[in-house]
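J.: Contents of my_file.cif (mmCIF, C-alpha atoms) are below:
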```cif
data_my_file
loop_
_atom_site.label_atom_id
_atom_site.label_comp_id
_atom_site.auth_asym_id
_atom_site.auth_seq_id
_atom_site.Cartn_x
_atom_site.Cartn_y
_atom_site.Cartn_z
CA MET A 1 47.78 -17.69 -55.14
CA ASP A 2 47.93 -21.38 -54.24
CA LEU A 3 50.79 -23.40 -52.81
CA GLU A 4 51.95 -24.71 -56.19
CA ALA A 5 52.04 -21.23 -57.70
CA PHE A 6 54.00 -19.89 -54.74
CA ARG A 7 56.55 -22.68 -54.88
CA ALA A 8 57.06 -21.89 -58.56
CA LEU A 9 58.24 -18.42 -57.50
CA LEU A 10 61.04 -20.01 -55.48
CA GLU A 11 62.45 -21.79 -58.53
CA PRO A 12 65.04 -20.08 -60.76
CA GLU A 13 62.50 -19.10 -63.43
CA GLY A 14 60.12 -17.85 -60.75
CA ARG A 15 62.78 -15.67 -59.19
CA VAL A 16 63.50 -14.15 -62.60
CA ALA A 17 59.79 -13.54 -63.21
CA LEU A 18 59.38 -11.91 -59.81
CA ALA A 19 62.38 -9.63 -60.34
CA GLU A 20 60.97 -8.58 -63.71
CA ALA A 21 57.53 -7.98 -62.16
CA VAL A 22 59.06 -5.73 -59.52
CA GLU A 23 60.86 -3.71 -62.21
CA ILE A 24 57.73 -3.41 -64.37
CA LEU A 25 55.56 -2.21 -61.48
CA ALA A 26 58.26 0.30 -60.52
CA THR A 27 57.73 2.02 -63.87
CA GLY A 28 54.12 2.73 -62.91
CA ALA A 29 52.64 0.28 -65.40
CA GLY A 30 49.01 -0.64 -64.85
CA PRO A 31 47.82 -4.21 -64.24
CA VAL A 32 47.00 -4.96 -67.88
CA ALA A 33 50.22 -3.48 -69.27
CA ALA A 34 52.30 -5.22 -66.59
CA ALA A 35 50.67 -8.59 -67.28
CA THR A 36 51.10 -8.16 -71.04
CA ALA A 37 54.79 -7.33 -70.69
CA LEU A 38 55.55 -10.20 -68.32
CA ARG A 39 53.47 -12.66 -70.31
CA ARG A 40 55.90 -12.33 -73.24
CA SER A 41 58.53 -14.25 -71.25
CA HIS A 42 56.62 -16.38 -68.74
CA PRO A 43 53.56 -18.66 -68.51
CA LEU A 44 50.24 -17.16 -67.43
CA ALA A 45 50.18 -18.79 -63.96
CA LEU A 46 53.71 -17.65 -63.17
CA THR A 47 52.99 -14.17 -64.50
CA SER A 48 49.98 -13.86 -62.21
CA ALA A 49 51.87 -15.13 -59.16
CA ALA A 50 54.85 -12.87 -59.81
CA LEU A 51 52.75 -9.73 -60.25
CA THR A 52 50.72 -10.54 -57.14
CA GLN A 53 53.88 -11.02 -55.09
CA ALA A 54 55.52 -7.88 -56.51
CA GLY A 55 52.44 -5.86 -55.53
CA LEU A 56 52.47 -7.30 -52.03
CA ARG A 57 56.15 -6.43 -51.62
CA ARG A 58 55.45 -2.81 -52.50
CA ARG A 59 52.66 -2.67 -49.91
CA ALA A 60 54.82 -4.48 -47.33
CA ALA A 61 57.53 -1.81 -47.42
CA VAL A 62 55.46 0.25 -44.96
CA LYS A 63 55.70 -2.53 -42.37
CA PHE A 64 58.99 -4.20 -43.22
CA GLY A 65 61.18 -1.53 -44.83
CA ARG A 66 64.04 -2.85 -46.95
CA ASP A 67 63.37 -6.44 -45.83
CA ALA A 68 60.19 -6.37 -47.92
CA GLU A 69 62.32 -6.34 -51.08
CA VAL A 70 63.28 -9.99 -50.53
CA MET A 71 60.38 -11.28 -48.45
CA TYR A 72 57.21 -13.09 -49.53
CA PHE A 73 53.62 -12.47 -48.51
CA THR A 74 50.00 -13.45 -48.78
CA PRO A 75 47.31 -10.74 -48.69
CA HIS A 76 45.89 -11.85 -45.33
CA GLY A 77 49.33 -12.60 -43.97
CA LEU A 78 50.55 -9.10 -44.76
CA GLU A 79 47.46 -7.51 -43.24
CA GLN A 80 47.89 -9.38 -39.97
CA ALA A 81 51.71 -9.29 -39.85
CA THR A 82 53.41 -7.39 -37.06
CA ARG A 83 55.18 -4.19 -38.08
CA ALA A 84 58.94 -4.77 -37.96
CA GLU A 85 59.55 -2.09 -35.32
CA VAL A 86 56.89 -3.58 -33.04
CA ALA A 87 58.21 -7.12 -33.53
CA ALA A 88 61.76 -5.94 -32.76
CA HIS A 89 60.54 -4.21 -29.58
CA ARG A 90 58.80 -7.39 -28.49
CA ALA A 91 61.88 -9.50 -29.22
CA THR A 92 63.88 -7.10 -27.04
CA GLY A 93 61.27 -7.67 -24.33
CA VAL A 94 61.84 -11.42 -24.62
CA LEU A 95 65.60 -10.92 -24.17
CA ARG A 96 65.08 -8.66 -21.16
CA ARG A 97 62.67 -11.02 -19.44
CA PHE A 98 63.86 -14.48 -20.46
CA GLY A 99 67.28 -14.29 -22.15
CA THR A 100 67.33 -16.21 -25.45
CA PRO A 101 64.88 -19.05 -24.88
CA SER A 102 63.86 -21.63 -27.44
CA VAL A 103 60.55 -20.37 -28.81
CA LEU A 104 57.45 -22.16 -30.02
CA ASP A 105 55.73 -19.66 -32.35
CA VAL A 106 52.18 -20.84 -32.98
CA CYS A 107 50.09 -19.20 -35.72
CA CYS A 108 53.32 -17.76 -37.10
CA GLY A 109 51.72 -16.19 -40.18
CA VAL A 110 54.22 -14.96 -42.74
CA GLY A 111 56.89 -14.74 -40.05
CA GLY A 112 57.17 -11.14 -38.88
CA ASP A 113 57.70 -12.13 -35.26
CA LEU A 114 59.78 -15.23 -35.89
CA VAL A 115 62.20 -13.08 -37.91
CA ALA A 116 62.60 -10.63 -35.02
CA LEU A 117 62.98 -13.42 -32.46
CA ALA A 118 65.55 -15.26 -34.57
CA ARG A 119 67.52 -12.06 -35.15
CA ALA A 120 67.56 -11.58 -31.39
CA GLY A 121 69.26 -14.96 -31.07
CA CYS A 122 66.31 -17.21 -30.18
CA PRO A 123 65.93 -20.61 -31.89
CA VAL A 124 62.34 -20.66 -33.20
CA ASP A 125 60.08 -23.60 -33.99
CA ALA A 126 57.14 -22.07 -35.85
CA VAL A 127 53.83 -23.58 -36.90
CA ASP A 128 50.85 -22.45 -38.92
CA LEU A 129 47.70 -24.32 -39.82
CA ASP A 130 47.71 -23.09 -43.42
CA PRO A 131 50.28 -24.87 -45.65
CA LEU A 132 50.75 -21.85 -47.93
CA THR A 133 51.33 -19.49 -45.03
CA ALA A 134 53.83 -21.88 -43.46
CA GLU A 135 55.67 -22.13 -46.79
CA VAL A 136 55.82 -18.34 -47.03
CA ALA A 137 57.22 -18.07 -43.49
CA ARG A 138 59.84 -20.68 -44.32
CA ALA A 139 60.82 -18.79 -47.46
CA ASN A 140 61.12 -15.55 -45.47
CA ALA A 141 63.45 -17.14 -42.93
CA ALA A 142 65.62 -18.36 -45.81
CA ALA A 143 65.52 -15.03 -47.68
CA LEU A 144 66.73 -13.20 -44.56
CA GLY A 145 69.47 -15.71 -43.76
CA LEU A 146 67.79 -17.15 -40.65
CA SER A 147 67.16 -20.75 -41.68
CA GLU A 148 69.68 -22.12 -39.16
CA ARG A 149 67.65 -20.69 -36.27
CA VAL A 150 64.15 -21.27 -37.66
CA ARG A 151 62.09 -24.34 -38.37
CA VAL A 152 58.61 -23.90 -39.87
CA ARG A 153 56.02 -26.64 -40.24
CA THR A 154 52.32 -27.00 -40.92
CA ALA A 155 50.49 -27.91 -37.73
CA ASP A 156 47.46 -27.10 -35.58
CA ALA A 157 48.54 -24.79 -32.75
CA ALA A 158 46.19 -26.53 -30.34
CA ALA A 159 48.00 -29.82 -30.95
CA THR A 160 51.49 -28.53 -30.12
CA ASP A 161 53.37 -29.11 -26.85
CA PRO A 162 54.81 -25.85 -25.49
CA SER A 163 56.32 -27.56 -22.45
CA ALA A 164 59.36 -28.53 -24.54
CA TYR A 165 60.30 -24.88 -25.16
CA GLY A 166 61.47 -21.97 -23.08
CA LEU A 167 58.78 -19.62 -24.37
CA LEU A 168 55.42 -19.89 -26.10
CA PHE A 169 54.68 -17.07 -28.54
CA ALA A 170 51.08 -17.06 -29.74
CA ASP A 171 49.46 -14.80 -32.29
CA PRO A 172 46.00 -16.32 -32.77
CA ALA A 173 44.38 -15.53 -36.10
CA ARG A 174 41.83 -12.74 -35.82
CA ARG A 175 40.22 -13.23 -39.20
CA GLY A 176 37.40 -15.63 -40.02
CA ALA A 177 35.24 -16.36 -43.05
CA ARG A 178 33.40 -13.05 -42.53
CA GLY A 179 36.54 -10.95 -42.13
CA ARG A 180 38.34 -9.57 -39.11
CA THR A 181 36.96 -10.49 -35.70
CA PHE A 182 37.37 -8.59 -32.45
CA ASP A 183 35.95 -11.35 -30.26
CA PRO A 184 38.75 -13.40 -28.63
CA MET A 185 36.40 -16.36 -28.45
CA ALA A 186 36.36 -16.31 -32.25
CA TYR A 187 40.16 -16.24 -32.54
CA SER A 188 41.78 -19.28 -34.13
CA PRO A 189 42.70 -20.97 -31.86
CA SER A 190 40.07 -19.58 -29.50
CA TRP A 191 41.06 -17.75 -26.34
CA PRO A 192 40.36 -20.75 -24.06
CA GLU A 193 42.58 -22.89 -26.32
CA VAL A 194 45.33 -20.26 -26.18
CA LEU A 195 45.15 -20.19 -22.39
CA GLY A 196 45.30 -23.99 -22.40
CA LEU A 197 48.62 -23.76 -24.25
CA VAL A 198 49.83 -21.09 -21.80
CA GLY A 199 49.06 -23.42 -18.92
CA ARG A 200 51.56 -25.94 -20.32
CA ALA A 201 54.29 -23.41 -21.14
CA PRO A 202 57.12 -22.27 -18.84
CA ALA A 203 56.56 -18.69 -20.06
CA ALA A 204 54.55 -17.02 -22.78
CA CYS A 205 54.00 -13.89 -24.83
CA LEU A 206 50.56 -13.50 -26.40
CA LYS A 207 49.94 -11.00 -29.18
CA VAL A 208 46.34 -9.77 -29.05
CA ALA A 209 44.18 -6.96 -30.38
CA PRO A 210 44.44 -3.75 -28.32
CA GLY A 211 40.72 -3.89 -27.57
CA ILE A 212 40.90 -7.21 -25.71
CA PRO A 213 38.39 -7.19 -22.82
CA TYR A 214 40.25 -6.63 -19.57
CA GLU A 215 38.46 -9.48 -17.86
CA LEU A 216 40.08 -11.92 -20.30
CA ILE A 217 43.62 -10.93 -19.29
CA PRO A 218 44.93 -13.60 -16.91
CA GLU A 219 45.81 -12.49 -13.38
CA GLY A 220 49.47 -12.21 -12.53
CA THR A 221 50.49 -11.23 -16.07
CA GLU A 222 51.76 -8.00 -17.58
CA ALA A 223 49.62 -6.47 -20.32
CA GLU A 224 51.49 -4.09 -22.60
CA TRP A 225 49.81 -1.82 -25.14
CA VAL A 226 52.05 -0.57 -27.93
CA SER A 227 51.54 2.63 -29.89
CA TYR A 228 53.50 3.35 -33.07
CA ARG A 229 53.65 7.01 -34.08
CA GLY A 230 50.44 7.74 -32.19
CA GLU A 231 48.43 4.74 -33.36
CA VAL A 232 47.76 1.83 -31.01
CA LYS A 233 48.85 -1.24 -32.93
CA GLU A 234 48.40 -4.16 -30.58
CA ALA A 235 48.77 -5.49 -27.08
CA ALA A 236 51.03 -8.19 -25.69
CA ILE A 237 50.36 -10.28 -22.61
CA TRP A 238 53.53 -11.43 -20.86
CA VAL A 239 53.28 -14.56 -18.72
CA GLY A 240 56.25 -15.25 -16.43
CA GLY A 241 59.44 -13.28 -16.05
CA GLY A 242 58.33 -11.66 -12.81
CA ALA A 243 56.40 -8.71 -14.27
CA ALA A 244 52.73 -8.01 -13.63
CA GLY A 245 50.34 -5.12 -14.14
CA ARG A 246 49.84 -2.72 -17.04
CA ARG A 247 52.33 -1.04 -19.33
CA ALA A 248 52.10 1.38 -22.26
CA THR A 249 54.93 1.77 -24.75
CA LEU A 250 55.55 4.36 -27.44
CA LEU A 251 57.46 3.48 -30.59
CA PRO A 252 59.82 4.30 -32.16
CA SER A 253 61.11 6.14 -29.05
CA GLY A 254 60.70 3.15 -26.72
CA ASP A 255 59.28 5.35 -23.92
CA THR A 256 57.34 3.23 -21.48
CA LEU A 257 54.84 3.98 -18.72
CA THR A 258 53.65 1.78 -15.87
CA ALA A 259 51.18 2.23 -13.05
CA SER A 260 52.54 4.54 -10.33
CA GLY A 261 49.52 4.58 -8.07
CA ALA A 262 48.66 8.09 -9.21
CA GLU A 263 45.10 9.28 -8.80
CA ALA A 264 43.54 12.01 -10.89
CA ALA A 265 40.62 14.04 -9.69
CA ALA A 266 38.31 15.96 -12.00
CA GLY A 267 38.32 19.74 -12.14
CA PRO A 268 37.58 22.79 -14.28
CA VAL A 269 38.83 23.30 -17.82
CA GLY A 270 42.32 24.77 -17.78
CA ARG A 271 44.26 26.64 -20.43
CA TYR A 272 45.51 23.43 -22.04
CA LEU A 273 43.78 20.20 -22.98
CA TYR A 274 45.87 17.02 -23.20
CA GLU A 275 44.76 14.00 -25.19
CA PRO A 276 46.62 10.96 -23.80
CA ASP A 277 48.08 8.48 -26.27
CA GLY A 278 45.79 5.55 -26.94
CA ALA A 279 48.25 3.07 -25.41
CA ALA A 280 48.06 4.92 -22.09
CA VAL A 281 44.28 5.04 -22.32
CA ARG A 282 43.98 1.31 -23.02
CA ALA A 283 46.43 0.55 -20.19
CA HIS A 284 44.37 2.68 -17.77
CA LEU A 285 47.32 5.00 -17.20
CA VAL A 286 45.55 8.32 -17.80
CA ALA A 287 46.15 9.32 -14.17
CA GLU A 288 49.87 8.80 -14.75
CA VAL A 289 49.72 11.10 -17.79
CA ALA A 290 47.89 13.69 -15.68
CA GLU A 291 50.67 13.41 -13.12
CA ILE A 292 53.30 14.03 -15.81
CA VAL A 293 51.67 17.28 -16.97
CA GLY A 294 50.52 18.37 -13.52
CA GLY A 295 46.90 18.35 -14.61
CA HIS A 296 43.55 16.79 -13.76
CA LEU A 297 40.68 15.13 -15.58
CA LEU A 298 37.86 17.00 -17.26
CA ASP A 299 35.49 14.25 -16.17
CA PRO A 300 36.19 11.13 -14.07
CA ARG A 301 35.04 8.84 -16.89
CA ILE A 302 36.63 10.59 -19.88
CA ALA A 303 40.30 10.30 -20.93
CA TYR A 304 40.97 14.02 -21.31
CA VAL A 305 43.43 15.85 -19.06
CA THR A 306 43.53 19.59 -18.53
CA GLY A 307 45.80 22.06 -16.78
CA ASP A 308 47.14 25.58 -16.87
CA ARG A 309 50.78 24.71 -17.62
CA LEU A 310 52.21 23.64 -20.94
CA VAL A 311 54.25 20.53 -20.22
CA PRO A 312 55.71 18.95 -23.38
CA THR A 313 55.30 15.17 -23.30
CA ALA A 314 55.29 12.34 -25.79
CA TRP A 315 52.40 10.82 -23.85
CA ALA A 316 49.75 13.28 -25.00
CA SER A 317 48.92 15.67 -27.77
CA CYS A 318 48.12 19.16 -26.55
CA HIS A 319 45.64 21.85 -27.53
CA GLU A 320 45.27 25.36 -26.17
CA VAL A 321 41.67 25.99 -25.15
CA GLU A 322 40.26 29.24 -26.52
CA GLU A 323 36.57 28.85 -25.70
CA VAL A 324 34.38 26.41 -23.77
CA MET A 325 30.69 26.15 -24.53
CA PRO A 326 27.80 23.77 -23.87
CA PHE A 327 27.34 21.92 -27.13
CA SER A 328 25.05 23.78 -29.52
CA LEU A 329 25.27 23.56 -33.29
CA LYS A 330 24.10 27.15 -33.67
CA ARG A 331 26.57 28.52 -31.14
CA LEU A 332 29.49 26.46 -32.45
CA ARG A 333 28.78 27.50 -36.05
CA ALA A 334 28.73 31.17 -35.03
CA ALA A 335 32.02 30.86 -33.13
CA LEU A 336 33.76 29.21 -36.08
CA ARG A 337 32.42 31.76 -38.55
CA GLU A 338 33.60 34.59 -36.33
CA ARG A 339 37.07 33.05 -36.42
CA ARG A 340 36.85 32.43 -40.19
CA VAL A 341 37.61 28.73 -39.71
CA GLY A 342 37.54 26.70 -42.91
CA THR A 343 39.75 23.79 -41.81
CA LEU A 344 38.45 22.04 -38.72
CA THR A 345 39.76 19.01 -36.87
CA ILE A 346 37.00 17.40 -34.82
CA LYS A 347 37.93 15.16 -31.90
CA LYS A 348 35.59 13.48 -29.47
CA ARG A 349 35.52 11.27 -26.40
CA GLY A 350 32.32 10.55 -24.53
CA SER A 351 30.22 12.29 -27.17
CA ALA A 352 27.43 10.77 -29.26
CA VAL A 353 27.65 13.44 -31.97
CA ASP A 354 27.99 12.17 -35.57
CA VAL A 355 31.20 13.90 -36.65
CA GLU A 356 30.61 13.79 -40.40
CA ARG A 357 27.08 15.09 -40.08
CA LEU A 358 28.30 17.87 -37.78
CA ARG A 359 30.95 18.84 -40.31
CA ARG A 360 28.29 19.14 -43.02
CA ASP A 361 25.94 21.11 -40.76
CA LEU A 362 28.66 23.59 -39.79
CA ARG A 363 29.05 24.70 -43.44
CA LEU A 364 32.60 25.91 -42.88
CA SER A 365 34.26 28.65 -44.90
CA GLY A 366 37.36 30.70 -44.30
CA ASP A 367 41.13 30.38 -44.34
CA GLU A 368 41.83 29.69 -40.64
CA ALA A 369 42.25 26.32 -38.89
CA ALA A 370 40.96 25.16 -35.51
CA VAL A 371 40.32 22.11 -33.38
CA VAL A 372 36.98 21.31 -31.76
CA VAL A 373 36.87 18.76 -28.96
CA LEU A 374 33.47 17.25 -28.22
CA THR A 375 33.15 15.68 -24.80
CA ARG A 376 31.03 15.32 -21.73
CA ILE A 377 31.56 17.08 -18.42
CA GLU A 378 29.35 16.02 -15.52
CA ASP A 379 26.97 14.36 -17.97
CA ARG A 380 26.54 17.54 -20.03
CA PRO A 381 27.79 17.75 -23.64
CA TYR A 382 30.42 20.40 -24.28
CA ALA A 383 32.43 21.75 -27.19
CA LEU A 384 35.94 23.07 -26.59
CA LEU A 385 37.27 25.34 -29.30
CA CYS A 386 41.06 24.96 -29.38
CA ARG A 387 44.18 25.45 -31.37
CA ASP A 388 47.02 22.93 -31.74
CA VAL A 389 50.18 23.38 -29.72
CA ASP A 390 53.47 22.52 -31.40
CA GLN A 391 54.82 20.21 -28.71
CA ALA A 392 57.57 19.02 -31.01
CA ALA A 393 59.23 22.42 -30.82
CA ASP A 394 58.86 22.46 -27.04
CA LEU A 395 60.29 18.96 -26.74
CA ARG A 396 63.29 20.01 -28.84
CA GLY A 397 63.74 23.00 -26.60
CA HIS A 398 63.82 20.76 -23.54
CA ALA A 399 66.24 18.24 -25.10
#
```
Translate this structure into structure tokens?

T.:
Amino acid sequence: MDLEAFRALLEPEGRVALAEAVEILATGAGPVAAATALRRSHPLALTSAALTQAGLRRRAAVKFGRDAEVMYFTPHGLEQATRAEVAAHRATGVLRRFGTPSVLDVCCGVGGDLVALARAGCPVDAVDLDPLTAEVARANAAALGLSERVRVRTADAAATDPSAYGLLFADPARRGARGRTFDPMAYSPSWPEVLGLVGRAPAACLKVAPGIPYELIPEGTEAEWVSYRGEVKEAAIWVGGGAAGRRATLLPSGDTLTASGAEAAAGPVGRYLYEPDGAAVRAHLVAEVAEIVGGHLLDPRIAYVTGDRLVPTAWASCHEVEEVMPFSLKRLRAALRERRVGTLTIKKRGSAVDVERLRRDLRLSGDEAAVVVLTRIEDRPYALLCRDVDQAADLRGHA
């Protein structure tokens, strides 16, 4: 979809075509049938744009909920957009640290973060290098009734002046001609350019991939890793506001964990094995999780915690250990057959085993379920045969 086709969707006929496309797709019609039906009333180019946008709205509901019904998207913009719950959490963080500053949002994409910031009361001046993306962000601000607080323009982030604003928000593009990139030096703008903008800003919040190398995080900042329903979504680097160090946050609960100075020694396998949430792992807060459950590490270099007490916590999933064995395909297969395990969840940290090949080689059969954890203890490969623990029930019991 090009800029002209998108702008056509904003006109009265385009809005009608888009509404009809949404209704047609809701019936379960396939692409050909949907295009044929819509083509009876609208030109080919408008039909194509409307169906594309209707499809994107359906996909966007996972990230944006009911807002997706009136918002606009591009395929890449939707893929890279911040989930609404994460954006709202970050906007709350802005309020807590800085009040309601004027915000320069560079690389604004389709506007997920600018919407959350504007709803929180911040005036937002947003820029994006791509004219179509900027137009989509502008349309989203209007569709959600935020035009009075939001200005969107096409501009190069590197050419902006953040010194005129209370806060710089930067979400550098992590997709190039060859697809998604995990190298901050290949971000657009690149990491050195982003830090150049930060150097001219009174305060900043930088949205980055959760795997950002630790050595690239500026000193004196707070790095926050955010997990949504057990999946690490992204990290944010907060510059200014008085906070520094590492933080992990769980959404939608909002539970947060910071460094306490805890130290976790390694010890023998206990009755329970805890798998810390990925946000805590990325934030190097595994020792803090061990402190919460009163446990210790299996190995000093592996993010597994073990202990003999069941301590319900949102910061780790829990498995009850039934058998511990040095890794051996033959021995593991025999143990699973003895237990009649046909459904197996395989987890691993610090193991080089190919999980899919192992699953094939185990040749499972039976009607029982189990969990196998592959890891390394003192440089030796081990398999821990476990069963899941329903922590949700225990957490309800402790509420």

J.: Rank A:Leu167, A:Arg119, A:Asp255, A:Pro75 by their smallest atom-to-atom distance to Leu146 of chain A, using only C-alpha atoms, and report the top residue only.

T.: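 Checking each of A:Leu167, A:Arg119, A:Asp255, A:Pro75 against Leu146 of chain A, counting only C-alpha atoms, the winner is A:Arg119.
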
J.: Pick from A:Ala164, A:Ala265, A:Ala45, A:Val281: nearest to Asp299 of chain A, with all atoms listed in the file counted?

T.: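 For Asp299 of chain A, the nearest of the given residues is A:Ala265.
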
J.: Please provide the set of residues having any atom within 10 Å of Arg7 of chain A, restricted to only C-alpha atoms, with same-chain residues fewer than 5 positions apart removed, written as a PDB file with C-alpha atoms, in the frame of the given file.

T.:
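Result file is around_33.pdb:
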```
ATOM      1  CA  ASP A   2      47.930 -21.380 -54.240  1.00  0.00           C
ATOM      2  CA  GLY A  14      60.120 -17.850 -60.750  1.00  0.00           C
ATOM      3  CA  ALA A  49      51.870 -15.130 -59.160  1.00  0.00           C
ATOM      4  CA  LEU A 132      50.750 -21.850 -47.930  1.00  0.00           C
ATOM      5  CA  GLU A 135      55.670 -22.130 -46.790  1.00  0.00           C
ATOM      6  CA  VAL A 136      55.820 -18.340 -47.030  1.00  0.00           C
ATOM      7  CA  ALA A 139      60.820 -18.790 -47.460  1.00  0.00           C
TER       8      ALA A 139
END
```

J.: Kindly extract all protein, DNA and RNA residues lying within 10 Å of the coordinates (67.1, -22.0, -39.5) given in the file, considering all atoms listed in the file, and supply them as a VMD selection string.

T.: chain A and resid 118 123 to 125 138 141 to 142 145 to 152

J.: Excluding Val86 of chain A and its own-chain neighbours fewer than 2 positions away, which residues fall within 9 Å of it when counting only C-alpha atoms? Please give them as a ChimeraX atom specification.

T.: /A:82-84,88-91,113,226-228,233-234,251-252

J.: Could those residues be written to a file, using C-alpha atoms, as a compact mmCIF listing (two decimals), in the coordinates of the input?

T.:
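The resulting file, selection_37.txt, is reproduced below:
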```txt
# COMPACT_ATOMS: atom_id res chain seq x y z
CA THR A 82 53.41 -7.39 -37.06
CA ARG A 83 55.18 -4.19 -38.08
CA ALA A 84 58.94 -4.77 -37.96
CA ALA A 88 61.76 -5.94 -32.76
CA HIS A 89 60.54 -4.21 -29.58
CA ARG A 90 58.80 -7.39 -28.49
CA ALA A 91 61.88 -9.50 -29.22
CA ASP A 113 57.70 -12.13 -35.26
CA VAL A 226 52.05 -0.57 -27.93
CA SER A 227 51.54 2.63 -29.89
CA TYR A 228 53.50 3.35 -33.07
CA LYS A 233 48.85 -1.24 -32.93
CA GLU A 234 48.40 -4.16 -30.58
CA LEU A 251 57.46 3.48 -30.59
CA PRO A 252 59.82 4.30 -32.16
```
